[in-house]
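Structure first, commentary second.
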Amino acid sequence: MTSVLRSVVTGVGGYLPERVVTNDDLAKFVDTSDEWIVERTGIRQRHQVADDQPVSDLAVAAARRALAAAGRTPDDVDLIIVATTTADLTFPSVATIVQRKLGCPVGIAFDVQAVCSGFVYALSVADGFTARGRSKCALVIGAETMTRLMDWTDRGTCVLFGDGAGAVVVEPMAGEGTTADRGLLGFALRADGTKQDLLYVDGGPSTNGQVGKLRMQGNQVFRHAVVNISEAVTAAAADAGIEIASVDWFVPHQANLRILQGVARRLGIDEHKVITTLDQHANTSAASIPLALDQGVRDGRIKPGQMLLLEAMGGGLTWGACVLRL
């Protein structure tokens with residue numbers, strides 16, 4: 001059997017801000033109710049950053065936990081990729097700020113911006129380094145402070161999002177080139193810029209010089225989500241050479257309970273195989289998959305050697321899927 005280099009996830013970590021905001025809390029200043037939000041989204045609460053808490057702080061906290069789980073230290077890290085839409089500054093990248101705050105040595109550090117799909121995109125980018133021997137210890141982080149992009153008068157969007165960060169350590173390991181190998185086994189990444197108006201932020205440094213607020217046509221996003229995500233998942237499984245039925249856990253982007261259920265039904269995935277954190281975290285964009293992964297690992301459901309299927313869809317529109325054996 002031919003030996004190949006695989007990108008293996010060796011540690012997982014997550015971080016959620018201390019402040020918890022319930023649906024009832026939102027109903028005090030937005031025309032909504034707990035019943036309305038739960039029925040339409042499945043969300044019951046979300047975490048929100050403190051006023052003085054930049055997204056890099058969330059990323060650092062999640063990274064420290066991932067490194068500890070992998071038995072690594074910041075001194076080992078030679079690559080940092082942060083998937084985020086809500087950077088501390090226009091520049092430099094959040095990744096370089098994380099590098100400084102962690103005290104990592106000089107290495108490679110940059111951000112990936114694919115909104116909610118960012119973590120899947122970032123994993124694929126990291127695979128291009130680790131599986132080619134260009135990185136010995138990579139940090140891939142999804143970190144967001146989405147509540148800072150909310151229009152708190154728009155009940156259709158402000159109830160959907162929360163803040164948080166999740167991280168994984170990715171290291172190269174020898175495999176045999178089969179589906180029995182640990183590591184990142186298959187990807188499918190997609191984008192369709194013609195659908196920008198369905199989900200976007202109405203500001204930016206080279207347009208109006210403002211941060212802007214999130215705008216979304218929810219029904220249209222839902223319509224595209226189930227079909228597009230299902231196609232990408234099928235393509236990623238084919239790329240990995242596996243059957244979807246062989247997957248142990250489905251770890252989706254936590255956007256909307258109806259989307260999660262719709263994709264699972266379309267793909268024939270048993271609902272008991274779906275890791276769901278939406279009710280407690282809401283939509284944390286690029287952080288949602290690693291946070292759900294961290295939850296599944298910590299509560300003992302996700303175990304080493306199991307096959308996982310990750311998927312996400314976000315503004316752009318971007319979407320994608322990844323198959324990995326932990």
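Letters A, B, ... mark the chains of the structure tokens in the order given; residue numbers begin at 1 per chain; ligand numbers begin at 1, in order shown.
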How close does region 76-164 of chain A get to region 239-253 of chain A? List, as CSV, each residue of region 76-164 of chain A within 12 Å, its nearest atom pair and the distance in Å to one decimal, counting only C-alpha atoms.
```
residue,atom,partner,partner_atom,distance
A:Val115,CA,A:His253,CA,11.2
A:Cys116,CA,A:His253,CA,7.4
A:Ser117,CA,A:His253,CA,7.9
A:Gly118,CA,A:His253,CA,10.4
A:Phe119,CA,A:His253,CA,9.5
A:Val120,CA,A:His253,CA,9.6
A:Gly142,CA,A:His253,CA,11.4
```
Residue among A:Ile259, A:Val168, A:Ile141, A:Leu309 lying closest to Phe187 (chain A), counting only C-alpha atoms:
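Comparing A:Ile259, A:Val168, A:Ile141, A:Leu309 against Phe187 (chain A), the winner is A:Leu309.
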May I have the residues within 9 Å of region 72-80 of chain A as a ChimeraX atom specification, using only C-alpha atoms and disregarding those fewer than 2 positions away in the same chain?
/A:11,64,66-70,82,95-96,98-99,102-111,126,129,135-141,169
Figure out the distance between CA of Glu231 (chain A) and CA of Gly162 (chain A), please, to one decimal in Å.
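Separating CA of Gly162 (chain A) from CA of Glu231 (chain A) is a distance of 27.2 Å.
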Closest atom pairs, residues of region 64-174 of chain A within 12 Å of region 31-49 of chain A, only C-alpha atoms, as JSON lines:
```
{"residue": "A:Ala143", "atom": "CA", "partner": "A:Val49", "partner_atom": "CA", "distance": 11.6}
{"residue": "A:Glu144", "atom": "CA", "partner": "A:Val49", "partner_atom": "CA", "distance": 9.6}
{"residue": "A:Thr145", "atom": "CA", "partner": "A:Val49", "partner_atom": "CA", "distance": 6.9}
{"residue": "A:Met146", "atom": "CA", "partner": "A:Gln48", "partner_atom": "CA", "distance": 8.7}
{"residue": "A:Thr147", "atom": "CA", "partner": "A:Gln48", "partner_atom": "CA", "distance": 6.7}
{"residue": "A:Arg148", "atom": "CA", "partner": "A:Val49", "partner_atom": "CA", "distance": 8.8}
{"residue": "A:Leu149", "atom": "CA", "partner": "A:Gln48", "partner_atom": "CA", "distance": 11.9}
{"residue": "A:Met150", "atom": "CA", "partner": "A:Gln48", "partner_atom": "CA", "distance": 11.6}
{"residue": "A:Trp152", "atom": "CA", "partner": "A:Asp31", "partner_atom": "CA", "distance": 10.1}
{"residue": "A:Thr153", "atom": "CA", "partner": "A:Asp31", "partner_atom": "CA", "distance": 8.3}
{"residue": "A:Asp154", "atom": "CA", "partner": "A:Asp31", "partner_atom": "CA", "distance": 8.8}
{"residue": "A:Arg155", "atom": "CA", "partner": "A:Asp31", "partner_atom": "CA", "distance": 6.6}
{"residue": "A:Gly156", "atom": "CA", "partner": "A:Thr32", "partner_atom": "CA", "distance": 9.2}
{"residue": "A:Thr157", "atom": "CA", "partner": "A:Ile37", "partner_atom": "CA", "distance": 10.6}
{"residue": "A:Cys158", "atom": "CA", "partner": "A:Thr32", "partner_atom": "CA", "distance": 10.4}
{"residue": "A:Val159", "atom": "CA", "partner": "A:Ile37", "partner_atom": "CA", "distance": 7.2}
{"residue": "A:Leu160", "atom": "CA", "partner": "A:Ile43", "partner_atom": "CA", "distance": 7.3}
{"residue": "A:Phe161", "atom": "CA", "partner": "A:Arg46", "partner_atom": "CA", "distance": 7.1}
{"residue": "A:Gly162", "atom": "CA", "partner": "A:Arg46", "partner_atom": "CA", "distance": 5.0}
{"residue": "A:Asp163", "atom": "CA", "partner": "A:Gln48", "partner_atom": "CA", "distance": 5.3}
{"residue": "A:Gly164", "atom": "CA", "partner": "A:His47", "partner_atom": "CA", "distance": 7.1}
{"residue": "A:Ala165", "atom": "CA", "partner": "A:His47", "partner_atom": "CA", "distance": 10.8}
```
For the selection you just gave me, I'd like the residues written to a file as a PDB file, in the first residue's frame, keeping C-alpha atoms.
```
ATOM      1  CA  ALA A 143     -14.259  32.944  15.270  1.00  0.00           C
ATOM      2  CA  GLU A 144     -17.097  35.449  15.023  1.00  0.00           C
ATOM      3  CA  THR A 145     -18.731  38.366  16.815  1.00  0.00           C
ATOM      4  CA  MET A 146     -21.814  38.386  14.595  1.00  0.00           C
ATOM      5  CA  THR A 147     -23.914  40.311  17.091  1.00  0.00           C
ATOM      6  CA  ARG A 148     -21.868  43.382  16.151  1.00  0.00           C
ATOM      7  CA  LEU A 149     -23.317  43.226  12.628  1.00  0.00           C
ATOM      8  CA  MET A 150     -26.933  43.125  13.755  1.00  0.00           C
ATOM      9  CA  TRP A 152     -31.481  45.330  16.330  1.00  0.00           C
ATOM     10  CA  THR A 153     -34.690  46.683  14.756  1.00  0.00           C
ATOM     11  CA  ASP A 154     -34.821  43.824  12.229  1.00  0.00           C
ATOM     12  CA  ARG A 155     -36.440  40.915  14.045  1.00  0.00           C
ATOM     13  CA  GLY A 156     -35.938  38.645  11.048  1.00  0.00           C
ATOM     14  CA  THR A 157     -32.147  38.669  11.450  1.00  0.00           C
ATOM     15  CA  CYS A 158     -31.103  39.908  14.899  1.00  0.00           C
ATOM     16  CA  VAL A 159     -32.583  36.870  16.658  1.00  0.00           C
ATOM     17  CA  LEU A 160     -30.560  34.424  14.539  1.00  0.00           C
ATOM     18  CA  PHE A 161     -26.950  35.089  15.463  1.00  0.00           C
ATOM     19  CA  GLY A 162     -24.542  34.689  18.350  1.00  0.00           C
ATOM     20  CA  ASP A 163     -20.821  34.973  19.113  1.00  0.00           C
ATOM     21  CA  GLY A 164     -18.170  32.334  19.732  1.00  0.00           C
ATOM     22  CA  ALA A 165     -15.061  30.575  18.474  1.00  0.00           C
TER      23      ALA A 165
END
```
Quote the spacing between CA of Leu308 (chain A) and CA of Cys322 (chain A) in Å to one decimal place.
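Separation between CA of Leu308 (chain A) and CA of Cys322 (chain A): 8.2 Å.
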I'd like the contact shell of Gly186 (chain A) - 9 Å cut-off, only C-alpha atoms, skipping same-chain residues fewer than 2 positions apart - returned as a PDB file with C-alpha atoms, in the first residue's frame.
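The new file around-v1.pdb reads:
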```pdb
ATOM      1  CA  SER A 124      -9.239  22.869   2.822  1.00  0.00           C
ATOM      2  CA  LEU A 184      -9.261  15.184   5.986  1.00  0.00           C
ATOM      3  CA  ALA A 188     -16.440  20.095  -2.066  1.00  0.00           C
ATOM      4  CA  ALA A 235     -19.732  15.554  -3.846  1.00  0.00           C
ATOM      5  CA  ALA A 236     -17.477  15.595  -0.764  1.00  0.00           C
ATOM      6  CA  ALA A 237     -18.448  12.019   0.064  1.00  0.00           C
ATOM      7  CA  ALA A 238     -17.617  11.006  -3.509  1.00  0.00           C
ATOM      8  CA  ASP A 239     -14.284  12.838  -3.271  1.00  0.00           C
ATOM      9  CA  ALA A 240     -13.497  10.911  -0.095  1.00  0.00           C
ATOM     10  CA  GLY A 241     -14.650   7.635  -1.619  1.00  0.00           C
ATOM     11  CA  ALA A 321     -18.616  20.181   2.773  1.00  0.00           C
ATOM     12  CA  CYS A 322     -15.768  18.148   4.241  1.00  0.00           C
ATOM     13  CA  VAL A 323     -15.350  14.493   5.173  1.00  0.00           C
ATOM     14  CA  LEU A 324     -12.851  13.628   7.894  1.00  0.00           C
TER      15      LEU A 324
END
```
